[in-house]
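Let me begin by presenting the structure, written as structure tokens, before commenting on it.
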Amino acid sequence: MDIRASVFCGIVPPHILDKLARAADPALSGPARRTLQADAAHRTGRRLTTVIGAAARPVAAPADGPRRTVYDARNGTVLPGSRARGEGEEAVKDATVNRAYAGLGATFELLAAYGRSSIDGAGLPLDASVHYDEQYGNAFWNGEQMVFGDGDGEVFLDFTVAVDVIAHELAHGLTQYTANLSYFGQPGALNESVSDVLGSLVKQRTLGQSADEADWLIGAGLLTPRVDGVALRSMKAPGTAYDDDVLGKDPQPATMEDYIRTGRDNGGVHINSGIPNHAFYLLATRLGGRAWERAGQIWFDVLTGGELPVDADFGSFARLTAAAAKARYGDGEELEAVLKAWSQVGVKTAE
């Protein structure tokens, strides 16, 4: 494993789990509290691993295809768990295992379309564990692998039901091996946004959708019918994914005018990510067609281009997307669309 800073990155924002932990109904508060405790322990563990260092994996030749292994934690917390399905093996009876396997493959294929072999560019094996813990309400990348809970059945369903959730978590690994964006404030929000973008692109590519056909929701299908909401986040309309008596209202801003300054959630990484998310949505729909092609290529070029600093703010990221658009496509509609998108969310592309 690359021993540069790797962090615990969960798909469910802490503010949602905090709300649930204070619910009067123990069926809601109990699982949320246990999930928060588990997540806190994982965050501490990642910091210790970063300080102490980790044994580097041997560098292998890039693989022509994915090398996937899905494990079953059997509702325990010892990772990775029991091997459930490996690369090239037939589908098993457990649908959760099969969904994780398919999601890993779909993400690998998008990266391959950009000319990259796995998240490290050298064919890194992709590992995932399902059925983690009991009623665990999250999915996460821990610096080495992906982990999925079954949800509590009250608010969250199985976290493998949404392919964009699977791709989102694996994209944190891509960021770790490329720009390695720090996980606080605006660089942390960019870290989260890049994962949402890649997650949405994998979903759209899997479904064969154009930018106009896509729902631009992150985690659609993950919430149970009792929740007044459609997803965890909306890239099309940040702040509208849910408005629920228990969860509260989606706090994501769509523009810098509503940027939220907070010390919680690592400086609002899951909240202010709505701003670059919305910029990408505006770019993709302005260009039209398949979002993973031109719009996605520009974002990918910035993430992997070697010029994005670990402490990048929205402005520096925006300027690099403009430069990437010009470098790849010239002074055409792509550059114009990039500049327009960032302008609409209130992020300056000129210093």
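Residue numbering restarts at 1 for every chain of the structure tokens, chains are lettered A, B, ... in their displayed order, and ligands are numbered from 1 as they appear.
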Backbone DSSP call of helix (DSSP H, G or I) for region 43-204 of chain A, listed as a compact mmCIF listing (two decimals) with all heavy atoms, in the first residue's frame:
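Once everything was written out, this is states_9.txt:
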# COMPACT_ATOMS: atom_id res chain seq x y z
N ARG A 43 -11.15 6.02 12.15
CA ARG A 43 -10.40 7.25 11.89
C ARG A 43 -9.11 7.26 12.70
O ARG A 43 -8.05 7.63 12.20
CB ARG A 43 -11.25 8.47 12.23
CG ARG A 43 -12.37 8.73 11.25
CD ARG A 43 -13.04 10.07 11.51
NE ARG A 43 -14.18 10.25 10.61
CZ ARG A 43 -15.42 9.91 10.90
NH1 ARG A 43 -15.70 9.41 12.10
NH2 ARG A 43 -16.39 10.09 10.03
N THR A 44 -9.20 6.87 13.97
CA THR A 44 -8.00 6.81 14.82
C THR A 44 -7.02 5.79 14.27
O THR A 44 -5.81 6.04 14.21
CB THR A 44 -8.39 6.43 16.25
OG1 THR A 44 -9.30 7.41 16.77
CG2 THR A 44 -7.16 6.37 17.15
N GLY A 45 -7.53 4.67 13.82
CA GLY A 45 -6.67 3.63 13.27
C GLY A 45 -5.94 4.08 12.03
O GLY A 45 -4.76 3.79 11.84
N ARG A 46 -6.63 4.86 11.15
CA ARG A 46 -5.96 5.33 9.95
C ARG A 46 -4.85 6.32 10.29
O ARG A 46 -3.80 6.32 9.69
CB ARG A 46 -6.95 6.01 9.00
CG ARG A 46 -7.98 5.09 8.37
CD ARG A 46 -7.41 3.79 7.89
NE ARG A 46 -6.26 3.93 7.01
CZ ARG A 46 -5.42 2.96 6.74
NH1 ARG A 46 -5.55 1.78 7.30
NH2 ARG A 46 -4.43 3.15 5.91
N ARG A 47 -5.09 7.19 11.29
CA ARG A 47 -4.04 8.14 11.67
C ARG A 47 -2.82 7.42 12.19
O ARG A 47 -1.68 7.76 11.88
CB ARG A 47 -4.58 9.13 12.71
CG ARG A 47 -5.51 10.19 12.14
CD ARG A 47 -5.73 11.31 13.11
NE ARG A 47 -6.48 10.89 14.28
CZ ARG A 47 -7.80 10.95 14.39
NH1 ARG A 47 -8.52 11.38 13.38
NH2 ARG A 47 -8.41 10.56 15.49
N LEU A 48 -3.02 6.38 12.99
CA LEU A 48 -1.90 5.62 13.53
C LEU A 48 -1.14 4.90 12.42
O LEU A 48 0.09 4.87 12.40
CB LEU A 48 -2.40 4.59 14.56
CG LEU A 48 -2.89 5.18 15.89
CD1 LEU A 48 -3.50 4.08 16.75
CD2 LEU A 48 -1.75 5.86 16.63
N THR A 49 -1.87 4.34 11.47
CA THR A 49 -1.23 3.65 10.35
C THR A 49 -0.39 4.61 9.53
O THR A 49 0.72 4.29 9.11
CB THR A 49 -2.29 2.99 9.45
OG1 THR A 49 -3.03 2.05 10.23
CG2 THR A 49 -1.64 2.26 8.28
N THR A 50 -0.90 5.83 9.35
CA THR A 50 -0.17 6.83 8.57
C THR A 50 1.12 7.21 9.26
O THR A 50 2.16 7.35 8.64
CB THR A 50 -1.05 8.09 8.38
OG1 THR A 50 -2.22 7.70 7.67
CG2 THR A 50 -0.30 9.13 7.57
N VAL A 51 1.07 7.36 10.59
CA VAL A 51 2.25 7.75 11.34
C VAL A 51 3.27 6.63 11.40
O VAL A 51 4.46 6.81 11.18
CB VAL A 51 1.86 8.17 12.78
CG1 VAL A 51 3.10 8.39 13.63
CG2 VAL A 51 1.02 9.44 12.75
N ILE A 52 2.78 5.40 11.67
CA ILE A 52 3.68 4.28 11.85
C ILE A 52 4.22 3.78 10.52
O ILE A 52 5.34 3.30 10.41
CB ILE A 52 2.94 3.13 12.58
CG1 ILE A 52 2.58 3.60 14.00
CG2 ILE A 52 3.80 1.88 12.66
CD1 ILE A 52 1.66 2.63 14.72
N ALA A 95 -26.56 -11.98 -3.06
CA ALA A 95 -26.66 -10.86 -3.99
C ALA A 95 -25.77 -9.70 -3.59
O ALA A 95 -25.28 -8.96 -4.45
CB ALA A 95 -28.12 -10.39 -4.07
N THR A 96 -25.54 -9.52 -2.30
CA THR A 96 -24.67 -8.44 -1.84
C THR A 96 -23.25 -8.64 -2.34
O THR A 96 -22.60 -7.70 -2.81
CB THR A 96 -24.69 -8.36 -0.30
OG1 THR A 96 -26.01 -8.08 0.14
CG2 THR A 96 -23.75 -7.29 0.21
N VAL A 97 -22.75 -9.86 -2.26
CA VAL A 97 -21.42 -10.18 -2.78
C VAL A 97 -21.36 -9.89 -4.27
O VAL A 97 -20.40 -9.27 -4.77
CB VAL A 97 -21.08 -11.66 -2.51
CG1 VAL A 97 -19.80 -12.06 -3.25
CG2 VAL A 97 -20.92 -11.91 -1.01
N ASN A 98 -22.38 -10.30 -5.01
CA ASN A 98 -22.38 -10.10 -6.46
C ASN A 98 -22.46 -8.63 -6.85
O ASN A 98 -21.83 -8.20 -7.81
CB ASN A 98 -23.55 -10.87 -7.08
CG ASN A 98 -23.42 -12.37 -6.90
OD1 ASN A 98 -22.31 -12.90 -6.82
ND2 ASN A 98 -24.54 -13.06 -6.83
N ARG A 99 -23.23 -7.85 -6.09
CA ARG A 99 -23.29 -6.41 -6.38
C ARG A 99 -21.95 -5.74 -6.14
O ARG A 99 -21.52 -4.88 -6.92
CB ARG A 99 -24.38 -5.75 -5.53
CG ARG A 99 -25.80 -6.01 -6.01
CD ARG A 99 -26.79 -5.09 -5.31
NE ARG A 99 -26.86 -5.33 -3.88
CZ ARG A 99 -27.78 -6.10 -3.29
NH1 ARG A 99 -28.70 -6.71 -4.02
NH2 ARG A 99 -27.78 -6.25 -1.98
N ALA A 100 -21.28 -6.10 -5.06
CA ALA A 100 -19.96 -5.52 -4.78
C ALA A 100 -18.98 -5.89 -5.88
O ALA A 100 -18.21 -5.04 -6.36
CB ALA A 100 -19.45 -5.99 -3.42
N TYR A 101 -19.01 -7.14 -6.31
CA TYR A 101 -18.13 -7.62 -7.37
C TYR A 101 -18.38 -6.84 -8.66
O TYR A 101 -17.44 -6.37 -9.32
CB TYR A 101 -18.39 -9.11 -7.57
CG TYR A 101 -17.56 -9.79 -8.63
CD1 TYR A 101 -16.32 -10.36 -8.33
CD2 TYR A 101 -18.03 -9.90 -9.94
CE1 TYR A 101 -15.56 -11.00 -9.30
CE2 TYR A 101 -17.27 -10.54 -10.93
CZ TYR A 101 -16.04 -11.09 -10.60
OH TYR A 101 -15.30 -11.72 -11.57
N ALA A 102 -19.65 -6.67 -9.01
CA ALA A 102 -19.99 -5.94 -10.24
C ALA A 102 -19.59 -4.48 -10.15
O ALA A 102 -19.11 -3.88 -11.12
CB ALA A 102 -21.48 -6.07 -10.53
N GLY A 103 -19.79 -3.86 -8.98
CA GLY A 103 -19.44 -2.46 -8.80
C GLY A 103 -17.94 -2.22 -8.90
O GLY A 103 -17.51 -1.19 -9.47
N LEU A 104 -17.15 -3.13 -8.37
CA LEU A 104 -15.70 -3.02 -8.52
C LEU A 104 -15.32 -3.07 -9.99
O LEU A 104 -14.46 -2.32 -10.45
CB LEU A 104 -15.01 -4.16 -7.76
CG LEU A 104 -15.11 -4.18 -6.23
CD1 LEU A 104 -14.45 -5.45 -5.69
CD2 LEU A 104 -14.47 -2.95 -5.61
N GLY A 105 -15.95 -3.98 -10.72
CA GLY A 105 -15.65 -4.11 -12.14
C GLY A 105 -16.06 -2.89 -12.95
O GLY A 105 -15.32 -2.44 -13.82
N ALA A 106 -17.22 -2.33 -12.63
CA ALA A 106 -17.69 -1.15 -13.36
C ALA A 106 -16.77 0.04 -13.14
O ALA A 106 -16.53 0.83 -14.05
CB ALA A 106 -19.12 -0.81 -12.92
N THR A 107 -16.25 0.17 -11.92
CA THR A 107 -15.32 1.27 -11.63
C THR A 107 -13.99 1.06 -12.33
O THR A 107 -13.42 1.99 -12.91
CB THR A 107 -15.10 1.39 -10.11
OG1 THR A 107 -16.36 1.45 -9.45
CG2 THR A 107 -14.29 2.63 -9.78
N PHE A 108 -13.49 -0.17 -12.31
CA PHE A 108 -12.26 -0.50 -13.03
C PHE A 108 -12.40 -0.16 -14.51
O PHE A 108 -11.48 0.40 -15.12
CB PHE A 108 -11.93 -1.99 -12.85
CG PHE A 108 -10.64 -2.42 -13.51
CD1 PHE A 108 -9.47 -2.48 -12.79
CD2 PHE A 108 -10.61 -2.75 -14.86
CE1 PHE A 108 -8.27 -2.86 -13.40
CE2 PHE A 108 -9.43 -3.14 -15.48
CZ PHE A 108 -8.25 -3.19 -14.74
N GLU A 109 -13.56 -0.46 -15.09
CA GLU A 109 -13.78 -0.23 -16.52
C GLU A 109 -13.79 1.26 -16.86
O GLU A 109 -13.28 1.66 -17.92
CB GLU A 109 -15.08 -0.89 -16.95
CG GLU A 109 -15.00 -2.41 -16.98
CD GLU A 109 -16.35 -3.06 -17.18
OE1 GLU A 109 -17.32 -2.32 -17.43
OE2 GLU A 109 -16.44 -4.30 -17.07
N LEU A 110 -14.36 2.08 -15.99
CA LEU A 110 -14.32 3.52 -16.24
C LEU A 110 -12.89 4.02 -16.22
O LEU A 110 -12.48 4.80 -17.10
CB LEU A 110 -15.16 4.29 -15.22
CG LEU A 110 -15.09 5.82 -15.37
CD1 LEU A 110 -15.72 6.26 -16.70
CD2 LEU A 110 -15.77 6.52 -14.20
N LEU A 111 -12.11 3.58 -15.24
CA LEU A 111 -10.71 4.01 -15.17
C LEU A 111 -9.94 3.52 -16.40
O LEU A 111 -9.10 4.24 -16.94
CB LEU A 111 -10.06 3.47 -13.89
CG LEU A 111 -10.63 3.99 -12.57
CD1 LEU A 111 -9.90 3.38 -11.38
CD2 LEU A 111 -10.58 5.51 -12.50
N ALA A 112 -10.25 2.31 -16.84
CA ALA A 112 -9.59 1.78 -18.04
C ALA A 112 -9.93 2.62 -19.26
O ALA A 112 -9.09 2.79 -20.15
CB ALA A 112 -10.01 0.32 -18.26
N ALA A 113 -11.15 3.15 -19.31
CA ALA A 113 -11.54 4.02 -20.43
C ALA A 113 -10.71 5.29 -20.46
O ALA A 113 -10.52 5.90 -21.51
CB ALA A 113 -13.02 4.37 -20.31
N VAL A 163 -24.68 1.43 -7.12
CA VAL A 163 -23.35 1.26 -7.70
C VAL A 163 -22.51 2.52 -7.53
O VAL A 163 -21.28 2.45 -7.44
CB VAL A 163 -23.45 0.86 -9.19
CG1 VAL A 163 -23.98 2.01 -10.04
CG2 VAL A 163 -22.11 0.37 -9.71
N ASP A 164 -23.17 3.70 -7.46
CA ASP A 164 -22.39 4.93 -7.28
C ASP A 164 -21.77 5.00 -5.89
O ASP A 164 -20.74 5.65 -5.71
CB ASP A 164 -23.25 6.17 -7.57
CG ASP A 164 -24.56 6.19 -6.82
OD1 ASP A 164 -25.09 5.12 -6.49
OD2 ASP A 164 -25.10 7.29 -6.58
N VAL A 165 -22.38 4.33 -4.90
CA VAL A 165 -21.77 4.27 -3.57
C VAL A 165 -20.49 3.43 -3.63
O VAL A 165 -19.46 3.79 -3.05
CB VAL A 165 -22.76 3.69 -2.54
CG1 VAL A 165 -22.06 3.36 -1.23
CG2 VAL A 165 -23.90 4.67 -2.30
N ILE A 166 -20.56 2.31 -4.33
CA ILE A 166 -19.37 1.46 -4.49
C ILE A 166 -18.26 2.24 -5.19
O ILE A 166 -17.11 2.27 -4.73
CB ILE A 166 -19.74 0.19 -5.29
CG1 ILE A 166 -20.79 -0.63 -4.54
CG2 ILE A 166 -18.48 -0.65 -5.56
CD1 ILE A 166 -21.33 -1.81 -5.34
N ALA A 167 -18.61 2.88 -6.30
CA ALA A 167 -17.61 3.63 -7.06
C ALA A 167 -17.09 4.83 -6.27
O ALA A 167 -15.90 5.17 -6.36
CB ALA A 167 -18.22 4.10 -8.38
N HIS A 168 -17.95 5.48 -5.50
CA HIS A 168 -17.54 6.62 -4.68
C HIS A 168 -16.42 6.21 -3.74
O HIS A 168 -15.39 6.91 -3.62
CB HIS A 168 -18.73 7.15 -3.88
CG HIS A 168 -18.38 8.16 -2.83
ND1 HIS A 168 -18.65 9.51 -2.98
CD2 HIS A 168 -17.78 8.05 -1.62
CE1 HIS A 168 -18.24 10.16 -1.91
NE2 HIS A 168 -17.70 9.29 -1.07
N GLU A 169 -16.61 5.09 -3.05
CA GLU A 169 -15.59 4.67 -2.09
C GLU A 169 -14.30 4.27 -2.77
O GLU A 169 -13.21 4.60 -2.30
CB GLU A 169 -16.14 3.51 -1.24
CG GLU A 169 -17.26 3.92 -0.31
CD GLU A 169 -16.91 5.14 0.55
OE1 GLU A 169 -15.75 5.25 0.98
OE2 GLU A 169 -17.77 5.99 0.76
N LEU A 170 -14.40 3.58 -3.89
CA LEU A 170 -13.17 3.19 -4.60
C LEU A 170 -12.46 4.42 -5.15
O LEU A 170 -11.23 4.45 -5.23
CB LEU A 170 -13.52 2.21 -5.73
CG LEU A 170 -12.36 1.41 -6.31
CD1 LEU A 170 -11.58 0.70 -5.21
CD2 LEU A 170 -12.88 0.39 -7.31
N ALA A 171 -13.22 5.46 -5.50
CA ALA A 171 -12.61 6.69 -6.00
C ALA A 171 -11.77 7.38 -4.93
O ALA A 171 -10.82 8.10 -5.25
CB ALA A 171 -13.68 7.63 -6.52
N HIS A 172 -12.10 7.17 -3.65
CA HIS A 172 -11.23 7.70 -2.60
C HIS A 172 -9.84 7.06 -2.68
O HIS A 172 -8.82 7.71 -2.41
CB HIS A 172 -11.83 7.44 -1.22
CG HIS A 172 -12.89 8.42 -0.82
ND1 HIS A 172 -12.64 9.78 -0.74
CD2 HIS A 172 -14.18 8.25 -0.46
CE1 HIS A 172 -13.74 10.40 -0.35
NE2 HIS A 172 -14.69 9.50 -0.18
N GLY A 173 -9.81 5.79 -3.08
CA GLY A 173 -8.53 5.14 -3.29
C GLY A 173 -7.78 5.74 -4.47
O GLY A 173 -6.56 5.93 -4.42
N LEU A 174 -8.51 6.08 -5.54
CA LEU A 174 -7.89 6.75 -6.69
C LEU A 174 -7.27 8.07 -6.26
O LEU A 174 -6.13 8.39 -6.63
CB LEU A 174 -8.94 6.97 -7.77
CG LEU A 174 -8.48 7.78 -9.00
CD1 LEU A 174 -7.41 7.04 -9.77
CD2 LEU A 174 -9.68 8.10 -9.90
N THR A 175 -8.01 8.85 -5.49
CA THR A 175 -7.47 10.13 -5.00
C THR A 175 -6.24 9.91 -4.13
O THR A 175 -5.25 10.65 -4.22
CB THR A 175 -8.55 10.89 -4.22
OG1 THR A 175 -9.62 11.21 -5.10
CG2 THR A 175 -7.99 12.18 -3.62
N GLN A 176 -6.27 8.88 -3.29
CA GLN A 176 -5.12 8.57 -2.43
C GLN A 176 -3.87 8.31 -3.25
O GLN A 176 -2.77 8.74 -2.89
CB GLN A 176 -5.45 7.34 -1.58
CG GLN A 176 -4.31 6.86 -0.69
CD GLN A 176 -4.68 5.58 0.05
OE1 GLN A 176 -5.81 5.44 0.51
NE2 GLN A 176 -3.75 4.66 0.16
N TYR A 177 -4.03 7.62 -4.37
CA TYR A 177 -2.88 7.26 -5.20
C TYR A 177 -2.50 8.33 -6.22
O TYR A 177 -1.53 8.17 -6.95
CB TYR A 177 -3.16 5.94 -5.92
CG TYR A 177 -2.96 4.73 -5.04
CD1 TYR A 177 -4.03 4.09 -4.44
CD2 TYR A 177 -1.68 4.23 -4.80
CE1 TYR A 177 -3.85 2.98 -3.64
CE2 TYR A 177 -1.48 3.12 -4.00
CZ TYR A 177 -2.57 2.50 -3.41
OH TYR A 177 -2.38 1.41 -2.60
N GLY A 185 -11.57 20.83 5.22
CA GLY A 185 -11.90 22.07 4.54
C GLY A 185 -12.13 21.89 3.05
O GLY A 185 -12.70 20.88 2.61
N GLN A 186 -11.70 22.85 2.25
CA GLN A 186 -11.95 22.79 0.82
C GLN A 186 -11.25 21.63 0.12
O GLN A 186 -11.86 20.98 -0.74
CB GLN A 186 -11.62 24.13 0.16
CG GLN A 186 -12.63 25.22 0.51
CD GLN A 186 -12.54 26.45 -0.37
OE1 GLN A 186 -11.96 26.44 -1.46
NE2 GLN A 186 -13.13 27.55 0.11
N PRO A 187 -9.98 21.32 0.45
CA PRO A 187 -9.40 20.13 -0.19
C PRO A 187 -10.15 18.85 0.17
O PRO A 187 -10.30 17.96 -0.67
CB PRO A 187 -7.95 20.10 0.32
CG PRO A 187 -7.86 21.11 1.39
CD PRO A 187 -8.98 22.07 1.24
N GLY A 188 -10.66 18.78 1.40
CA GLY A 188 -11.44 17.62 1.79
C GLY A 188 -12.77 17.57 1.06
O GLY A 188 -13.25 16.49 0.68
N ALA A 189 -13.38 18.73 0.86
CA ALA A 189 -14.63 18.79 0.09
C ALA A 189 -14.38 18.40 -1.36
O ALA A 189 -15.22 17.74 -1.99
CB ALA A 189 -15.24 20.19 0.17
N LEU A 190 -13.24 18.78 -1.92
CA LEU A 190 -12.87 18.35 -3.26
C LEU A 190 -12.66 16.85 -3.30
O LEU A 190 -13.05 16.18 -4.26
CB LEU A 190 -11.60 19.08 -3.73
CG LEU A 190 -11.76 20.55 -4.10
CD1 LEU A 190 -10.39 21.19 -4.29
CD2 LEU A 190 -12.59 20.70 -5.38
N ASN A 191 -12.04 16.31 -2.26
CA ASN A 191 -11.84 14.87 -2.15
C ASN A 191 -13.18 14.15 -2.23
O ASN A 191 -13.36 13.19 -3.00
CB ASN A 191 -11.13 14.56 -0.82
CG ASN A 191 -10.56 13.16 -0.74
OD1 ASN A 191 -11.18 12.21 -1.18
ND2 ASN A 191 -9.38 13.04 -0.15
N GLU A 192 -14.14 14.63 -1.44
CA GLU A 192 -15.48 14.03 -1.46
C GLU A 192 -16.17 14.25 -2.80
O GLU A 192 -16.85 13.36 -3.32
CB GLU A 192 -16.34 14.61 -0.33
CG GLU A 192 -16.06 14.00 1.03
CD GLU A 192 -16.40 12.51 1.07
OE1 GLU A 192 -17.35 12.09 0.38
OE2 GLU A 192 -15.71 11.78 1.79
N SER A 193 -16.03 15.43 -3.36
CA SER A 193 -16.69 15.74 -4.63
C SER A 193 -16.16 14.88 -5.76
O SER A 193 -16.94 14.37 -6.59
CB SER A 193 -16.51 17.22 -4.97
OG SER A 193 -17.08 17.53 -6.22
N VAL A 194 -14.86 14.70 -5.82
CA VAL A 194 -14.27 13.85 -6.86
C VAL A 194 -14.87 12.44 -6.78
O VAL A 194 -15.18 11.82 -7.80
CB VAL A 194 -12.74 13.81 -6.74
CG1 VAL A 194 -12.15 12.67 -7.55
CG2 VAL A 194 -12.14 15.14 -7.19
N SER A 195 -15.06 11.95 -5.54
CA SER A 195 -15.66 10.63 -5.38
C SER A 195 -17.11 10.61 -5.83
O SER A 195 -17.58 9.64 -6.43
CB SER A 195 -15.55 10.17 -3.92
OG SER A 195 -14.28 9.63 -3.65
N ASP A 196 -17.85 11.68 -5.54
CA ASP A 196 -19.23 11.76 -6.03
C ASP A 196 -19.26 11.81 -7.55
O ASP A 196 -20.11 11.17 -8.19
CB ASP A 196 -19.93 13.00 -5.45
CG ASP A 196 -20.46 12.77 -4.04
OD1 ASP A 196 -20.41 11.62 -3.55
OD2 ASP A 196 -20.93 13.75 -3.43
N VAL A 197 -18.38 12.60 -8.14
CA VAL A 197 -18.33 12.70 -9.60
C VAL A 197 -18.05 11.33 -10.22
O VAL A 197 -18.77 10.88 -11.13
CB VAL A 197 -17.26 13.72 -10.05
CG1 VAL A 197 -16.97 13.58 -11.54
CG2 VAL A 197 -17.72 15.14 -9.73
N LEU A 198 -17.00 10.66 -9.74
CA LEU A 198 -16.67 9.35 -10.30
C LEU A 198 -17.78 8.34 -10.04
O LEU A 198 -18.10 7.52 -10.90
CB LEU A 198 -15.35 8.85 -9.71
CG LEU A 198 -14.05 9.19 -10.47
CD1 LEU A 198 -14.00 8.44 -11.79
CD2 LEU A 198 -13.88 10.68 -10.68
N GLY A 199 -18.39 8.43 -8.86
CA GLY A 199 -19.50 7.54 -8.56
C GLY A 199 -20.66 7.73 -9.52
O GLY A 199 -21.23 6.77 -10.04
N SER A 200 -21.00 8.99 -9.79
CA SER A 200 -22.09 9.28 -10.70
C SER A 200 -21.75 8.85 -12.12
O SER A 200 -22.61 8.33 -12.86
CB SER A 200 -22.42 10.78 -10.67
OG SER A 200 -23.56 11.06 -11.46
N LEU A 201 -20.50 9.04 -12.53
CA LEU A 201 -20.10 8.65 -13.88
C LEU A 201 -20.16 7.14 -14.07
O LEU A 201 -20.58 6.65 -15.13
CB LEU A 201 -18.70 9.17 -14.18
CG LEU A 201 -18.54 10.69 -14.26
CD1 LEU A 201 -17.10 11.05 -14.60
CD2 LEU A 201 -19.50 11.29 -15.27
N VAL A 202 -19.74 6.39 -13.06
CA VAL A 202 -19.83 4.93 -13.15
C VAL A 202 -21.29 4.50 -13.26
O VAL A 202 -21.64 3.63 -14.07
CB VAL A 202 -19.16 4.26 -11.93
CG1 VAL A 202 -19.51 2.77 -11.86
CG2 VAL A 202 -17.65 4.43 -12.00
N LYS A 203 -22.15 5.11 -12.47
CA LYS A 203 -23.58 4.80 -12.54
C LYS A 203 -24.15 5.12 -13.92
O LYS A 203 -24.86 4.30 -14.52
CB LYS A 203 -24.32 5.61 -11.46
CG LYS A 203 -25.83 5.48 -11.48
CD LYS A 203 -26.43 6.34 -10.40
CE LYS A 203 -27.94 6.41 -10.46
NZ LYS A 203 -28.51 7.27 -9.38
N GLN A 204 -23.83 6.30 -14.45
CA GLN A 204 -24.34 6.69 -15.76
C GLN A 204 -23.82 5.77 -16.86
O GLN A 204 -24.56 5.39 -17.79
CB GLN A 204 -23.98 8.14 -16.05
CG GLN A 204 -24.70 9.14 -15.15
CD GLN A 204 -24.23 10.56 -15.36
OE1 GLN A 204 -23.99 10.98 -16.49
NE2 GLN A 204 -24.07 11.32 -14.29
Against region 136-145 of chain A, which residues of region 27-130 of chain A fall within 7 Å? For each one I want the closest pair of atoms and the distance in Å (one decimal), counting only C-alpha atoms, rows by chain and increasing residue number, as CSV.
residue,atom,partner,partner_atom,distance
A:Pro31,CA,A:Tyr136,CA,6.5
A:Ala32,CA,A:Gly137,CA,6.7
A:Thr35,CA,A:Tyr136,CA,5.6
A:Asp127,CA,A:Gln145,CA,5.3
A:Ala128,CA,A:Gln145,CA,5.7
Residues from last step as file, C-alpha atoms, as a JSON list (two decimals), in the first residue's frame:
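The resulting again_19.json:
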[["chain", "number", "residue", "atom", "x", "y", "z"],
["A", 31, "PRO", "CA", -27.40, 1.53, 15.21],
["A", 32, "ALA", "CA", -26.39, 5.15, 14.53],
["A", 35, "THR", "CA", -21.85, 3.25, 13.61],
["A", 127, "ASP", "CA", -10.75, -5.87, -2.38],
["A", 128, "ALA", "CA", -14.09, -5.36, -0.70]]
So which residues touch Met256 (chain A) within 8 Å, counting only C-alpha atoms, skipping near sequence neighbours fewer than 2 positions away, as a compact mmCIF listing (two decimals) with N, CA and C atoms, in the first residue's frame?
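Resulting contents of result.txt:
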# COMPACT_ATOMS: atom_id res chain seq x y z
N PRO A 253 -24.78 23.29 0.17
CA PRO A 253 -24.94 24.49 -0.66
C PRO A 253 -24.62 24.17 -2.11
N ALA A 254 -25.19 24.95 -3.02
CA ALA A 254 -24.91 24.79 -4.44
C ALA A 254 -23.92 25.83 -4.94
N ASP A 258 -23.54 30.39 -0.27
CA ASP A 258 -24.05 29.67 0.90
C ASP A 258 -23.02 28.75 1.52
N TYR A 259 -21.76 28.97 1.22
CA TYR A 259 -20.66 28.15 1.78
C TYR A 259 -20.76 28.10 3.30
N ILE A 275 -20.78 22.26 -3.79
CA ILE A 275 -20.43 23.35 -4.72
C ILE A 275 -19.65 22.82 -5.93
N VAL A 345 -21.35 28.83 -9.94
CA VAL A 345 -21.32 28.46 -8.51
C VAL A 345 -20.50 29.43 -7.68
N GLY A 346 -20.00 30.49 -8.32
CA GLY A 346 -19.31 31.54 -7.58
C GLY A 346 -17.85 31.28 -7.28
N VAL A 347 -17.21 30.41 -8.06
CA VAL A 347 -15.79 30.11 -7.87
C VAL A 347 -15.01 30.78 -9.00
Worksheet item: Contacts of Thr349 (chain A) at 7 Å or less, counting only C-alpha atoms, minus same-chain residues fewer than 3 places along, as a list in words?
Response: Gly315, Ala318, Arg319 and Leu339 of chain A
Item to complete: Name the residues of region 94-325 of chain A that come out as strand (DSSP E) in a backbone DSSP run; write them as a ChimeraX atom specification.
Response: /A:126-132,139-141,146-149,217-218,233-234,243-244,248-249
Fill in: CA of Asp25 (chain A) to CA of Asp228 (chain A), straight-line distance in Å
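It comes out at 16.5 Å.
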Practice prompt. For each of A:Leu17, A:Val147, A:Leu36, A:Ala91, take the minimum atom-to-atom distance to Val78 (chain A), counting only C-alpha atoms, then give the residue where this is smallest.
Written response: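 Once distances to Val78 (chain A) are computed over only C-alpha atoms, the minimum belongs to A:Val147.
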Fill in: Test item: residues at most 10 Å from His131 (chain A), only C-alpha atoms, excluding those fewer than 3 positions along its chain, as a list in words
Tyr71, Asp72, Ala73, Arg74, Asn75, Gly76, Thr77, Gly81, Thr96, Val97, Glu134, Gln135, Tyr136, Val147, Phe148, Gly149, Asp150, Gly151, Asp158, Phe159 and Thr160 of chain A
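Straight-line separation from CA of Leu320 (chain A) to CA of Gly263 (chain A): 27.1 Å.
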